[in-house]
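Peer 1: This is input39.cif, which holds mmCIF, C-alpha atoms; chains and numbers go by the auth columns:
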data_query
loop_
_atom_site.group_PDB
_atom_site.id
_atom_site.type_symbol
_atom_site.label_atom_id
_atom_site.label_comp_id
_atom_site.label_asym_id
_atom_site.label_seq_id
_atom_site.Cartn_x
_atom_site.Cartn_y
_atom_site.Cartn_z
_atom_site.B_iso_or_equiv
_atom_site.auth_seq_id
_atom_site.auth_asym_id
ATOM 1 C CA MET A 1 66.237 -192.608 -5.751 0.00 1 G
ATOM 2 C CA GLN A 2 69.077 -190.141 -6.383 0.00 2 G
ATOM 3 C CA PRO A 3 69.669 -188.990 -9.964 0.00 3 G
ATOM 4 C CA ASP A 4 72.706 -190.448 -11.687 0.00 4 G
ATOM 5 C CA ASP A 5 75.755 -188.147 -11.647 0.00 5 G
ATOM 6 C CA ARG A 6 76.846 -189.099 -15.152 0.00 6 G
ATOM 7 C CA ALA A 7 73.399 -188.324 -16.539 0.00 7 G
ATOM 8 C CA LEU A 8 73.328 -185.018 -14.645 0.00 8 G
ATOM 9 C CA THR A 9 76.702 -184.160 -16.157 0.00 9 G
ATOM 10 C CA GLU A 10 75.942 -185.032 -19.760 0.00 10 G
ATOM 11 C CA VAL A 11 72.144 -184.818 -20.137 0.00 11 G
ATOM 12 C CA GLY A 12 70.611 -183.067 -17.140 0.00 12 G
ATOM 13 C CA LEU A 13 67.232 -183.827 -15.594 0.00 13 G
ATOM 14 C CA SER A 14 63.851 -183.441 -17.287 0.00 14 G
ATOM 15 C CA ALA A 15 60.988 -181.608 -15.596 0.00 15 G
ATOM 16 C CA PRO A 16 57.989 -183.697 -14.525 0.00 16 G
ATOM 17 C CA THR A 17 55.294 -184.204 -17.142 0.00 17 G
ATOM 18 C CA ALA A 18 52.612 -182.841 -14.814 0.00 18 G
ATOM 19 C CA ALA A 19 53.590 -179.249 -14.146 0.00 19 G
ATOM 20 C CA GLY A 20 53.473 -177.756 -10.661 0.00 20 G
ATOM 21 C CA GLN A 21 53.305 -174.075 -9.839 0.00 21 G
ATOM 22 C CA VAL A 22 56.992 -173.150 -10.037 0.00 22 G
ATOM 23 C CA LEU A 23 59.767 -174.593 -12.177 0.00 23 G
ATOM 24 C CA VAL A 24 63.348 -174.340 -10.939 0.00 24 G
ATOM 25 C CA ILE A 25 65.777 -174.521 -13.864 0.00 25 G
ATOM 26 C CA ALA A 26 69.116 -175.499 -12.402 0.00 26 G
ATOM 27 C CA CYS A 27 72.579 -176.715 -13.225 0.00 27 G
ATOM 28 C CA GLY A 28 72.825 -180.496 -13.019 0.00 28 G
ATOM 29 C CA ALA A 29 75.527 -180.028 -10.374 0.00 29 G
ATOM 30 C CA LEU A 30 72.815 -178.799 -7.967 0.00 30 G
ATOM 31 C CA ALA A 31 70.198 -181.486 -8.554 0.00 31 G
ATOM 32 C CA ARG A 32 70.802 -183.575 -5.444 0.00 32 G
ATOM 33 C CA GLU A 33 70.943 -180.537 -3.179 0.00 33 G
ATOM 34 C CA ILE A 34 67.738 -179.009 -4.551 0.00 34 G
ATOM 35 C CA LEU A 35 65.876 -182.302 -4.350 0.00 35 G
ATOM 36 C CA ALA A 36 67.073 -182.776 -0.756 0.00 36 G
ATOM 37 C CA LEU A 37 65.951 -179.276 0.223 0.00 37 G
ATOM 38 C CA ARG A 38 62.583 -179.748 -1.470 0.00 38 G
ATOM 39 C CA ALA A 39 61.983 -183.017 0.393 0.00 39 G
ATOM 40 C CA ALA A 40 63.159 -181.670 3.756 0.00 40 G
ATOM 41 C CA ASN A 41 60.993 -178.536 3.536 0.00 41 G
ATOM 42 C CA GLY A 42 57.908 -179.945 1.827 0.00 42 G
ATOM 43 C CA TRP A 43 58.237 -177.576 -1.131 0.00 43 G
ATOM 44 C CA THR A 44 55.748 -179.498 -3.228 0.00 44 G
ATOM 45 C CA HIS A 45 55.070 -176.415 -5.364 0.00 45 G
ATOM 46 C CA LEU A 46 58.585 -176.655 -6.846 0.00 46 G
ATOM 47 C CA ASP A 47 59.401 -178.784 -9.882 0.00 47 G
ATOM 48 C CA LEU A 48 63.009 -179.231 -10.966 0.00 48 G
ATOM 49 C CA GLN A 49 64.606 -179.295 -14.389 0.00 49 G
ATOM 50 C CA CYS A 50 68.383 -179.466 -14.744 0.00 50 G
ATOM 51 C CA LEU A 51 70.579 -178.556 -17.682 0.00 51 G
ATOM 52 C CA PRO A 52 73.734 -180.629 -18.244 0.00 52 G
ATOM 53 C CA ALA A 53 76.344 -179.774 -15.633 0.00 53 G
ATOM 54 C CA ILE A 54 79.110 -180.059 -18.217 0.00 54 G
ATOM 55 C CA LEU A 55 77.956 -176.704 -19.634 0.00 55 G
ATOM 56 C CA HIS A 56 80.226 -175.229 -16.986 0.00 56 G
ATOM 57 C CA ASN A 57 83.162 -176.231 -19.145 0.00 57 G
ATOM 58 C CA ARG A 58 81.865 -173.832 -21.825 0.00 58 G
ATOM 59 C CA PRO A 59 79.950 -171.150 -19.912 0.00 59 G
ATOM 60 C CA GLN A 60 79.305 -169.098 -23.039 0.00 60 G
ATOM 61 C CA ALA A 61 76.626 -171.698 -23.870 0.00 61 G
ATOM 62 C CA ILE A 62 74.755 -171.317 -20.584 0.00 62 G
ATOM 63 C CA PRO A 63 72.643 -168.201 -21.392 0.00 63 G
ATOM 64 C CA ASP A 64 71.218 -169.703 -24.596 0.00 64 G
ATOM 65 C CA ALA A 65 70.507 -173.030 -22.894 0.00 65 G
ATOM 66 C CA VAL A 66 68.770 -171.312 -19.986 0.00 66 G
ATOM 67 C CA GLU A 67 66.720 -169.111 -22.306 0.00 67 G
ATOM 68 C CA ALA A 68 65.542 -172.124 -24.326 0.00 68 G
ATOM 69 C CA ALA A 69 64.490 -173.912 -21.136 0.00 69 G
ATOM 70 C CA VAL A 70 62.693 -170.831 -19.772 0.00 70 G
ATOM 71 C CA ARG A 71 60.769 -170.239 -22.992 0.00 71 G
ATOM 72 C CA ALA A 72 59.759 -173.898 -23.191 0.00 72 G
ATOM 73 C CA ALA A 73 58.395 -173.776 -19.634 0.00 73 G
ATOM 74 C CA GLN A 74 56.625 -170.420 -19.474 0.00 74 G
ATOM 75 C CA ASP A 75 53.322 -171.703 -20.838 0.00 75 G
ATOM 76 C CA ARG A 76 53.260 -174.570 -18.327 0.00 76 G
ATOM 77 C CA TYR A 77 54.291 -172.811 -15.112 0.00 77 G
ATOM 78 C CA GLN A 78 53.140 -169.765 -13.218 0.00 78 G
ATOM 79 C CA ARG A 79 56.731 -168.859 -12.342 0.00 79 G
ATOM 80 C CA VAL A 80 60.233 -169.900 -13.389 0.00 80 G
ATOM 81 C CA PHE A 81 63.308 -169.526 -11.158 0.00 81 G
ATOM 82 C CA VAL A 82 66.863 -169.994 -12.443 0.00 82 G
ATOM 83 C CA ALA A 83 69.156 -171.817 -9.998 0.00 83 G
ATOM 84 C CA TYR A 84 72.424 -170.616 -11.476 0.00 84 G
ATOM 85 C CA ALA A 85 74.724 -167.855 -10.314 0.00 85 G
ATOM 86 C CA ASP A 86 76.824 -165.997 -12.908 0.00 86 G
ATOM 87 C CA CYS A 87 78.820 -169.202 -13.473 0.00 87 G
ATOM 88 C CA GLY A 88 81.500 -167.696 -15.679 0.00 88 G
ATOM 89 C CA THR A 89 79.161 -165.961 -18.125 0.00 89 G
ATOM 90 C CA GLY A 90 80.538 -162.485 -17.391 0.00 90 G
ATOM 91 C CA GLY A 91 77.124 -161.036 -16.568 0.00 91 G
ATOM 92 C CA LEU A 92 75.473 -162.389 -19.720 0.00 92 G
ATOM 93 C CA LEU A 93 73.259 -164.830 -17.834 0.00 93 G
ATOM 94 C CA ALA A 94 71.962 -162.130 -15.493 0.00 94 G
ATOM 95 C CA ALA A 95 71.214 -159.865 -18.458 0.00 95 G
ATOM 96 C CA ARG A 96 69.399 -162.659 -20.247 0.00 96 G
ATOM 97 C CA CYS A 97 67.323 -163.546 -17.182 0.00 97 G
ATOM 98 C CA ASP A 98 66.456 -159.885 -16.689 0.00 98 G
ATOM 99 C CA ARG A 99 65.241 -159.689 -20.277 0.00 99 G
ATOM 100 C CA LEU A 100 63.181 -162.849 -19.780 0.00 100 G
ATOM 101 C CA GLY A 101 61.733 -161.565 -16.514 0.00 101 G
ATOM 102 C CA VAL A 102 63.012 -164.447 -14.372 0.00 102 G
ATOM 103 C CA GLU A 103 65.067 -164.402 -11.194 0.00 103 G
ATOM 104 C CA LEU A 104 68.391 -166.155 -10.650 0.00 104 G
ATOM 105 C CA ILE A 105 70.599 -166.717 -7.641 0.00 105 G
ATOM 106 C CA ALA A 106 72.888 -163.851 -6.656 0.00 106 G
ATOM 107 C CA GLY A 107 76.637 -164.352 -6.695 0.00 107 G
ATOM 108 C CA PRO A 108 79.507 -165.285 -8.971 0.00 108 G
ATOM 109 C CA HIS A 109 79.276 -169.096 -8.753 0.00 109 G
ATOM 110 C CA CYS A 110 78.031 -172.007 -6.664 0.00 110 G
ATOM 111 C CA TYR A 111 81.144 -171.969 -4.462 0.00 111 G
ATOM 112 C CA ALA A 112 80.128 -168.522 -3.237 0.00 112 G
ATOM 113 C CA PHE A 113 76.510 -169.307 -2.466 0.00 113 G
ATOM 114 C CA PHE A 114 77.345 -172.639 -0.834 0.00 114 G
ATOM 115 C CA ASP A 115 79.972 -170.925 1.327 0.00 115 G
ATOM 116 C CA GLY A 116 77.628 -167.977 1.897 0.00 116 G
ATOM 117 C CA LEU A 117 78.042 -164.854 -0.213 0.00 117 G
ATOM 118 C CA ASP A 118 79.112 -162.645 2.685 0.00 118 G
ATOM 119 C CA ALA A 119 81.615 -165.170 4.058 0.00 119 G
ATOM 120 C CA PHE A 120 83.040 -165.852 0.611 0.00 120 G
ATOM 121 C CA ALA A 121 83.460 -162.159 -0.154 0.00 121 G
ATOM 122 C CA ALA A 122 85.041 -161.501 3.249 0.00 122 G
ATOM 123 C CA ARG A 123 87.843 -163.980 2.541 0.00 123 G
ATOM 124 C CA GLY A 124 88.726 -162.039 -0.592 0.00 124 G
ATOM 125 C CA ASP A 125 92.410 -162.121 -1.479 0.00 125 G
ATOM 126 C CA GLU A 126 93.123 -164.792 1.161 0.00 126 G
ATOM 127 C CA GLU A 127 91.736 -167.417 -1.194 0.00 127 G
ATOM 128 C CA MET A 128 93.020 -166.228 -4.543 0.00 128 G
ATOM 129 C CA ARG A 129 95.140 -169.388 -4.739 0.00 129 G
ATOM 130 C CA VAL A 130 92.371 -171.822 -3.785 0.00 130 G
ATOM 131 C CA PHE A 131 90.797 -174.436 -6.040 0.00 131 G
ATOM 132 C CA TYR A 132 87.281 -175.380 -4.912 0.00 132 G
ATOM 133 C CA LEU A 133 85.246 -178.556 -5.108 0.00 133 G
ATOM 134 C CA THR A 134 81.663 -179.269 -4.031 0.00 134 G
ATOM 135 C CA ASP A 135 80.068 -182.657 -3.324 0.00 135 G
ATOM 136 C CA PHE A 136 79.099 -183.016 -6.978 0.00 136 G
ATOM 137 C CA LEU A 137 82.524 -182.001 -8.255 0.00 137 G
ATOM 138 C CA VAL A 138 84.223 -184.444 -5.897 0.00 138 G
ATOM 139 C CA ARG A 139 82.099 -187.237 -7.325 0.00 139 G
ATOM 140 C CA GLN A 140 82.718 -185.999 -10.877 0.00 140 G
ATOM 141 C CA PHE A 141 86.343 -184.869 -10.472 0.00 141 G
ATOM 142 C CA ASP A 142 87.625 -186.952 -13.373 0.00 142 G
ATOM 143 C CA ALA A 143 84.827 -185.803 -15.708 0.00 143 G
ATOM 144 C CA PHE A 144 85.196 -182.090 -14.910 0.00 144 G
ATOM 145 C CA VAL A 145 88.889 -181.666 -14.082 0.00 145 G
ATOM 146 C CA TRP A 146 91.207 -184.586 -14.678 0.00 146 G
ATOM 147 C CA ARG A 147 90.170 -185.639 -18.194 0.00 147 G
ATOM 148 C CA PRO A 148 89.140 -182.250 -19.695 0.00 148 G
ATOM 149 C CA LEU A 149 92.504 -180.760 -18.701 0.00 149 G
ATOM 150 C CA GLY A 150 94.326 -183.732 -20.220 0.00 150 G
ATOM 151 C CA LEU A 151 95.927 -184.749 -16.920 0.00 151 G
ATOM 152 C CA ASP A 152 95.001 -188.387 -17.500 0.00 152 G
ATOM 153 C CA ARG A 153 97.117 -188.366 -20.667 0.00 153 G
ATOM 154 C CA HIS A 154 99.725 -185.747 -19.813 0.00 154 G
ATOM 155 C CA PRO A 155 100.331 -185.660 -16.035 0.00 155 G
ATOM 156 C CA GLU A 156 103.274 -183.333 -16.634 0.00 156 G
ATOM 157 C CA LEU A 157 100.710 -180.583 -17.287 0.00 157 G
ATOM 158 C CA ARG A 158 99.659 -180.595 -13.634 0.00 158 G
ATOM 159 C CA ASP A 159 102.237 -178.098 -12.422 0.00 159 G
ATOM 160 C CA MET A 160 101.635 -175.866 -15.419 0.00 160 G
ATOM 161 C CA VAL A 161 97.888 -175.720 -14.776 0.00 161 G
ATOM 162 C CA PHE A 162 97.851 -175.754 -10.984 0.00 162 G
ATOM 163 C CA GLY A 163 101.235 -174.288 -10.165 0.00 163 G
ATOM 164 C CA ASN A 164 99.717 -171.016 -8.929 0.00 164 G
ATOM 165 C CA TYR A 165 97.286 -172.769 -6.579 0.00 165 G
ATOM 166 C CA GLU A 166 98.164 -173.580 -2.978 0.00 166 G
ATOM 167 C CA ARG A 167 95.118 -175.352 -1.549 0.00 167 G
ATOM 168 C CA LEU A 168 92.130 -177.395 -2.585 0.00 168 G
ATOM 169 C CA VAL A 169 89.137 -176.457 -0.432 0.00 169 G
ATOM 170 C CA TYR A 170 86.325 -178.977 -0.378 0.00 170 G
ATOM 171 C CA LEU A 171 83.056 -177.142 0.335 0.00 171 G
ATOM 172 C CA ALA A 172 81.091 -180.052 1.751 0.00 172 G
ATOM 173 C CA GLN A 173 77.307 -180.048 1.533 0.00 173 G
ATOM 174 C CA THR A 174 77.026 -183.325 3.454 0.00 174 G
ATOM 175 C CA ASP A 175 78.955 -185.294 6.056 0.00 175 G
ATOM 176 C CA ASP A 176 80.222 -188.236 4.037 0.00 176 G
ATOM 177 C CA PRO A 177 83.568 -189.847 4.931 0.00 177 G
ATOM 178 C CA ALA A 178 83.780 -191.443 1.479 0.00 178 G
ATOM 179 C CA LEU A 179 83.516 -188.027 -0.208 0.00 179 G
ATOM 180 C CA ASP A 180 86.042 -186.602 2.249 0.00 180 G
ATOM 181 C CA ALA A 181 88.516 -189.290 1.214 0.00 181 G
ATOM 182 C CA ARG A 182 87.896 -188.692 -2.486 0.00 182 G
ATOM 183 C CA ALA A 183 88.356 -184.943 -2.043 0.00 183 G
ATOM 184 C CA ALA A 184 91.634 -185.485 -0.190 0.00 184 G
ATOM 185 C CA ASP A 185 92.757 -187.798 -2.985 0.00 185 G
ATOM 186 C CA ALA A 186 91.900 -185.121 -5.576 0.00 186 G
ATOM 187 C CA ALA A 187 94.033 -182.617 -3.662 0.00 187 G
ATOM 188 C CA ALA A 188 96.940 -185.083 -3.578 0.00 188 G
ATOM 189 C CA ARG A 189 96.606 -185.731 -7.314 0.00 189 G
ATOM 190 C CA LEU A 190 96.803 -181.987 -7.959 0.00 190 G
ATOM 191 C CA GLY A 191 99.709 -181.509 -5.548 0.00 191 G
ATOM 192 C CA LEU A 192 97.713 -179.146 -3.318 0.00 192 G
ATOM 193 C CA ALA A 193 97.194 -178.853 0.417 0.00 193 G
ATOM 194 C CA PHE A 194 93.752 -180.053 1.461 0.00 194 G
ATOM 195 C CA GLU A 195 91.077 -178.312 3.512 0.00 195 G
ATOM 196 C CA ARG A 196 87.521 -179.468 4.163 0.00 196 G
ATOM 197 C CA ARG A 197 84.961 -176.781 4.967 0.00 197 G
ATOM 198 C CA PHE A 198 81.442 -177.898 5.836 0.00 198 G
ATOM 199 C CA THR A 199 78.952 -175.458 4.321 0.00 199 G
ATOM 200 C CA GLY A 200 75.716 -177.422 4.107 0.00 200 G
ATOM 201 C CA TYR A 201 73.480 -175.844 1.496 0.00 201 G
ATOM 202 C CA GLY A 202 74.529 -172.275 2.306 0.00 202 G
ATOM 203 C CA ASP A 203 72.586 -169.514 0.591 0.00 203 G
ATOM 204 C CA LEU A 204 70.985 -171.985 -1.832 0.00 204 G
ATOM 205 C CA ALA A 205 68.467 -172.896 0.873 0.00 205 G
ATOM 206 C CA ALA A 206 67.498 -169.274 1.465 0.00 206 G
ATOM 207 C CA ALA A 207 67.201 -168.580 -2.278 0.00 207 G
ATOM 208 C CA LEU A 208 64.805 -171.475 -2.784 0.00 208 G
ATOM 209 C CA ALA A 209 62.853 -170.702 0.386 0.00 209 G
ATOM 210 C CA GLY A 210 62.218 -167.207 -0.987 0.00 210 G
ATOM 211 C CA ILE A 211 60.417 -168.430 -4.103 0.00 211 G
ATOM 212 C CA PRO A 212 56.683 -167.677 -3.689 0.00 212 G
ATOM 213 C CA ASP A 213 54.063 -170.332 -4.374 0.00 213 G
ATOM 214 C CA GLY A 214 53.005 -169.655 -7.946 0.00 214 G
#
Just dump the structure as C-alpha cells.
Peer 2:
Amino acid sequence: MQPDDRALTEVGLSAPTAAGQVLVIACGALAREILALRAANGWTHLDLQCLPAILHNRPQAIPDAVEAAVRAAQDRYQRVFVAYADCGTGGLLAARCDRLGVELIAGPHCYAFFDGLDAFAARGDEEMRVFYLTDFLVRQFDAFVWRPLGLDRHPELRDMVFGNYERLVYLAQTDDPALDARAADAAARLGLAFERRFTGYGDLAAALAGIPDG
C-alpha cells in the first residue's frame, strides 16, 4: 500500500519499529520513489523514515529536523543516510550532515538528481526560466504551490509571481497519463508552456544503490 500524500506532506513517515541495518532519512516527497526502488532491488537492509515534505516551504528548518532524526536513530542503526540534496538550505544541511558524520545526496535539489546531475548542470542558463514539478509535486500542486502562494484567493498574483517563467517542466518518475494531465493543467493554471521530461529515478537510484549493508 502506497503512503498517503497528505500525510507525507504534513507528517512524514515513521521508521519501522524493528530496526534494520541502515536507516534512510528522506524528504516525504521521495517516499514513494525510495520504497519502489527498495522493492525492485531487494534492498531489505534499508529502512525508511521521512520528514514532512512541507518543510521545503521553509528550508531553514530542514537542518535541525534532519539532525534530530539522525540523533534519534544512531543508537538503533549501524548507518544513517540522508536522502536530501541541499534543498534550499544554502549549504547548511551539508555542513550539518558532515558534523554528524552522515552522508547525503549530492546536488542542489531533487530536480537535479532526478534529471541527473550532469544533465541538469549542462542545461545551465537554458532553463533559468523553468518551473519544475516531480510526480509528488504534481499530486500535491495545490498544497505546495497554489495555496501557499495565495493563488487560490488572489489569482491576480499569478503574473507577479510567475511572470519571469516561460515553461513548466514536469520531471516524470513514472509513466502515468493521469499525472501527465494534471501536470499540463498546472502549467495552464500558471500560464506557462508545458514540457514533460521522463527521468525515472535518475541519480536517486545510484545514490541508494551505493549505500553499503550496515
Peer 1: Let me know the residues the PyMOL selection byres ((chain G and resi 80) around 8) catches in the file above, as a PDB file with C-alpha atoms, keeping the file's coordinate frame.
Peer 2:
ATOM      1  CA  VAL G  22      56.992-173.150 -10.037  1.00  0.00           C
ATOM      2  CA  LEU G  23      59.767-174.593 -12.177  1.00  0.00           C
ATOM      3  CA  VAL G  24      63.348-174.340 -10.939  1.00  0.00           C
ATOM      4  CA  ILE G  25      65.777-174.521 -13.864  1.00  0.00           C
ATOM      5  CA  VAL G  70      62.693-170.831 -19.772  1.00  0.00           C
ATOM      6  CA  ALA G  73      58.395-173.776 -19.634  1.00  0.00           C
ATOM      7  CA  GLN G  74      56.625-170.420 -19.474  1.00  0.00           C
ATOM      8  CA  TYR G  77      54.291-172.811 -15.112  1.00  0.00           C
ATOM      9  CA  GLN G  78      53.140-169.765 -13.218  1.00  0.00           C
ATOM     10  CA  ARG G  79      56.731-168.859 -12.342  1.00  0.00           C
ATOM     11  CA  PHE G  81      63.308-169.526 -11.158  1.00  0.00           C
ATOM     12  CA  VAL G  82      66.863-169.994 -12.443  1.00  0.00           C
ATOM     13  CA  VAL G 102      63.012-164.447 -14.372  1.00  0.00           C
ATOM     14  CA  GLU G 103      65.067-164.402 -11.194  1.00  0.00           C
TER      15      GLU G 103
END
Peer 1: Of the residues G:Ala206, G:Ile54, G:Ala95, G:Ala31, which is the one nearest to Pro148 of chain G, using only C-alpha atoms?
Peer 2: G:Ile54
Peer 1: Which residues, named as in the file, does the PyMOL selection byres ((chain G and resi 119-134) around 9) pick out? Answer as a PyMOL selection string.
Peer 2: chain G and resi 29+110-118+135-139+141+162+164-173+183+192
Peer 1: Quick one, how far is atom CA of Thr17 of chain G from atom CA of His45 of chain G?
Peer 2: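 Atom-to-atom, atom CA of Thr17 of chain G and atom CA of His45 of chain G are spaced 14.1 Å apart.
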Peer 1: Check the smallest atom-to-atom distance from each of G:Val161, G:Val66, G:Ala53, G:Leu208 to Trp146 of chain G using all atoms listed in the file, then report the winner.
Peer 2: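 Of all the options, G:Val161 lies closest to Trp146 of chain G.
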Peer 1: Select, from G:Gly210, G:Pro63, G:Gly28, G:Gly150, the residue with the minimum atom-to-atom distance to Arg96 of chain G, counting all atoms listed in the file.
Peer 2: G:Pro63
Peer 1: Could you list, as a list in words, every residue matched by the PyMOL selection byres ((chain G and resi 88) around 10) in this structure?
Peer 2: His56, Asn57, Arg58, Pro59, Gln60, Ile62, Ala85, Asp86, Cys87, Thr89, Gly90, Gly91, Leu92, Leu93, Pro108 and His109 of chain G
Peer 1: Under the rule that only C-alpha atoms are counted, which of G:Asp185, G:Glu10, G:Cys27, G:Pro155 is the nearest residue to Leu104 of chain G?
Peer 2: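 Using only C-alpha atoms, the shortest distance to Leu104 of chain G belongs to G:Cys27.
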Peer 1: Calculate how many Å separate atom CA of Leu30 of chain G from atom CA of Asp5 of chain G, rounding to one decimal.
Peer 2: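 Straight-line distance from atom CA of Leu30 of chain G to atom CA of Asp5 of chain G works out to 10.5 Å.
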Peer 1: In Å, with one decimal, what is the gap from atom CA of Arg182 of chain G to atom CA of Arg6 of chain G?
Peer 2: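 Between atom CA of Arg182 of chain G and atom CA of Arg6 of chain G the gap is 16.8 Å.
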Peer 1: Which one of G:Asp203, G:Ala26, G:Arg189, G:Tyr84 sits closest to Ile105 of chain G if you count all atoms listed in the file?
Peer 2: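 Selected residue with least distance to Ile105 of chain G: G:Tyr84.
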Peer 1: Using only C-alpha atoms, can you tell me which of G:Gly101, G:Gly202, G:Gly163, G:Gly191 comes closest to Arg71 of chain G?
Peer 2: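 Using only C-alpha atoms, the shortest distance to Arg71 of chain G belongs to G:Gly101.
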Peer 1: Taking all atoms of segment 179-182 of chain G that the file lists, what box with edges along x, y and z, padded by 3 Å per side, do you get, with centre and edge lengths in Å to one decimal, as lines of an AutoDock Vina configuration file?
Peer 2:
center_x = 86.0
center_y = -187.9
center_z = -0.1
size_x = 11.0
size_y = 8.7
size_z = 10.7
Peer 1: Excluding same-chain residues fewer than 6 positions from Trp43 of chain G, what lies within 9 Å of it counting only C-alpha atoms, as a ChimeraX atom specification?
Peer 2: /G:37,209,213
Peer 1: Kindly add N, CA, C and O atoms to the incomplete segment 136-151 of chain G and provide the output as a CSV table (one decimal), in the coordinates of the input.
Peer 2:
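And here's rebuild_15.csv as it stands now:
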chain,number,residue,atom,x,y,z
G,136,PHE,N,79.3,-182.5,-5.6
G,136,PHE,CA,79.1,-183.0,-7.0
G,136,PHE,C,80.4,-183.1,-7.7
G,136,PHE,O,80.8,-184.1,-8.4
G,137,LEU,N,81.2,-182.0,-7.5
G,137,LEU,CA,82.5,-182.0,-8.3
G,137,LEU,C,83.5,-183.0,-7.7
G,137,LEU,O,84.4,-183.5,-8.4
G,138,VAL,N,83.4,-183.4,-6.4
G,138,VAL,CA,84.2,-184.4,-5.9
G,138,VAL,C,83.8,-185.7,-6.6
G,138,VAL,O,84.7,-186.5,-7.1
G,139,ARG,N,82.5,-186.0,-6.7
G,139,ARG,CA,82.1,-187.2,-7.3
G,139,ARG,C,82.4,-187.3,-8.8
G,139,ARG,O,82.7,-188.3,-9.4
G,140,GLN,N,82.5,-186.1,-9.4
G,140,GLN,CA,82.7,-186.0,-10.9
G,140,GLN,C,84.1,-185.3,-11.2
G,140,GLN,O,84.2,-184.7,-12.3
G,141,PHE,N,85.0,-185.5,-10.3
G,141,PHE,CA,86.3,-184.9,-10.5
G,141,PHE,C,87.0,-185.3,-11.8
G,141,PHE,O,87.5,-184.4,-12.5
G,142,ASP,N,87.0,-186.5,-12.1
G,142,ASP,CA,87.6,-187.0,-13.4
G,142,ASP,C,86.9,-186.3,-14.6
G,142,ASP,O,87.6,-185.9,-15.6
G,143,ALA,N,85.6,-186.3,-14.6
G,143,ALA,CA,84.8,-185.8,-15.7
G,143,ALA,C,85.0,-184.3,-15.9
G,143,ALA,O,84.9,-183.8,-17.0
G,144,PHE,N,85.2,-183.6,-14.8
G,144,PHE,CA,85.2,-182.1,-14.9
G,144,PHE,C,86.6,-181.5,-14.9
G,144,PHE,O,86.8,-180.4,-15.4
G,145,VAL,N,87.5,-182.2,-14.3
G,145,VAL,CA,88.9,-181.7,-14.1
G,145,VAL,C,90.0,-182.5,-14.7
G,145,VAL,O,90.7,-182.1,-15.6
G,146,TRP,N,90.1,-183.8,-14.3
G,146,TRP,CA,91.2,-184.6,-14.7
G,146,TRP,C,91.3,-184.9,-16.2
G,146,TRP,O,92.3,-184.6,-16.8
G,147,ARG,N,90.2,-185.3,-16.8
G,147,ARG,CA,90.2,-185.6,-18.2
G,147,ARG,C,90.1,-184.4,-19.1
G,147,ARG,O,90.9,-184.3,-20.1
G,148,PRO,N,89.2,-183.4,-18.8
G,148,PRO,CA,89.1,-182.2,-19.7
G,148,PRO,C,90.5,-181.5,-19.8
G,148,PRO,O,90.8,-180.9,-20.8
G,149,LEU,N,91.2,-181.5,-18.7
G,149,LEU,CA,92.5,-180.8,-18.7
G,149,LEU,C,93.6,-181.6,-19.2
G,149,LEU,O,94.8,-181.2,-19.3
G,150,GLY,N,93.3,-182.9,-19.6
G,150,GLY,CA,94.3,-183.7,-20.2
G,150,GLY,C,95.3,-184.3,-19.2
G,150,GLY,O,96.3,-184.9,-19.6
G,151,LEU,N,95.0,-184.3,-17.9
G,151,LEU,CA,95.9,-184.7,-16.9
G,151,LEU,C,96.0,-186.3,-16.9
G,151,LEU,O,97.0,-186.8,-16.4
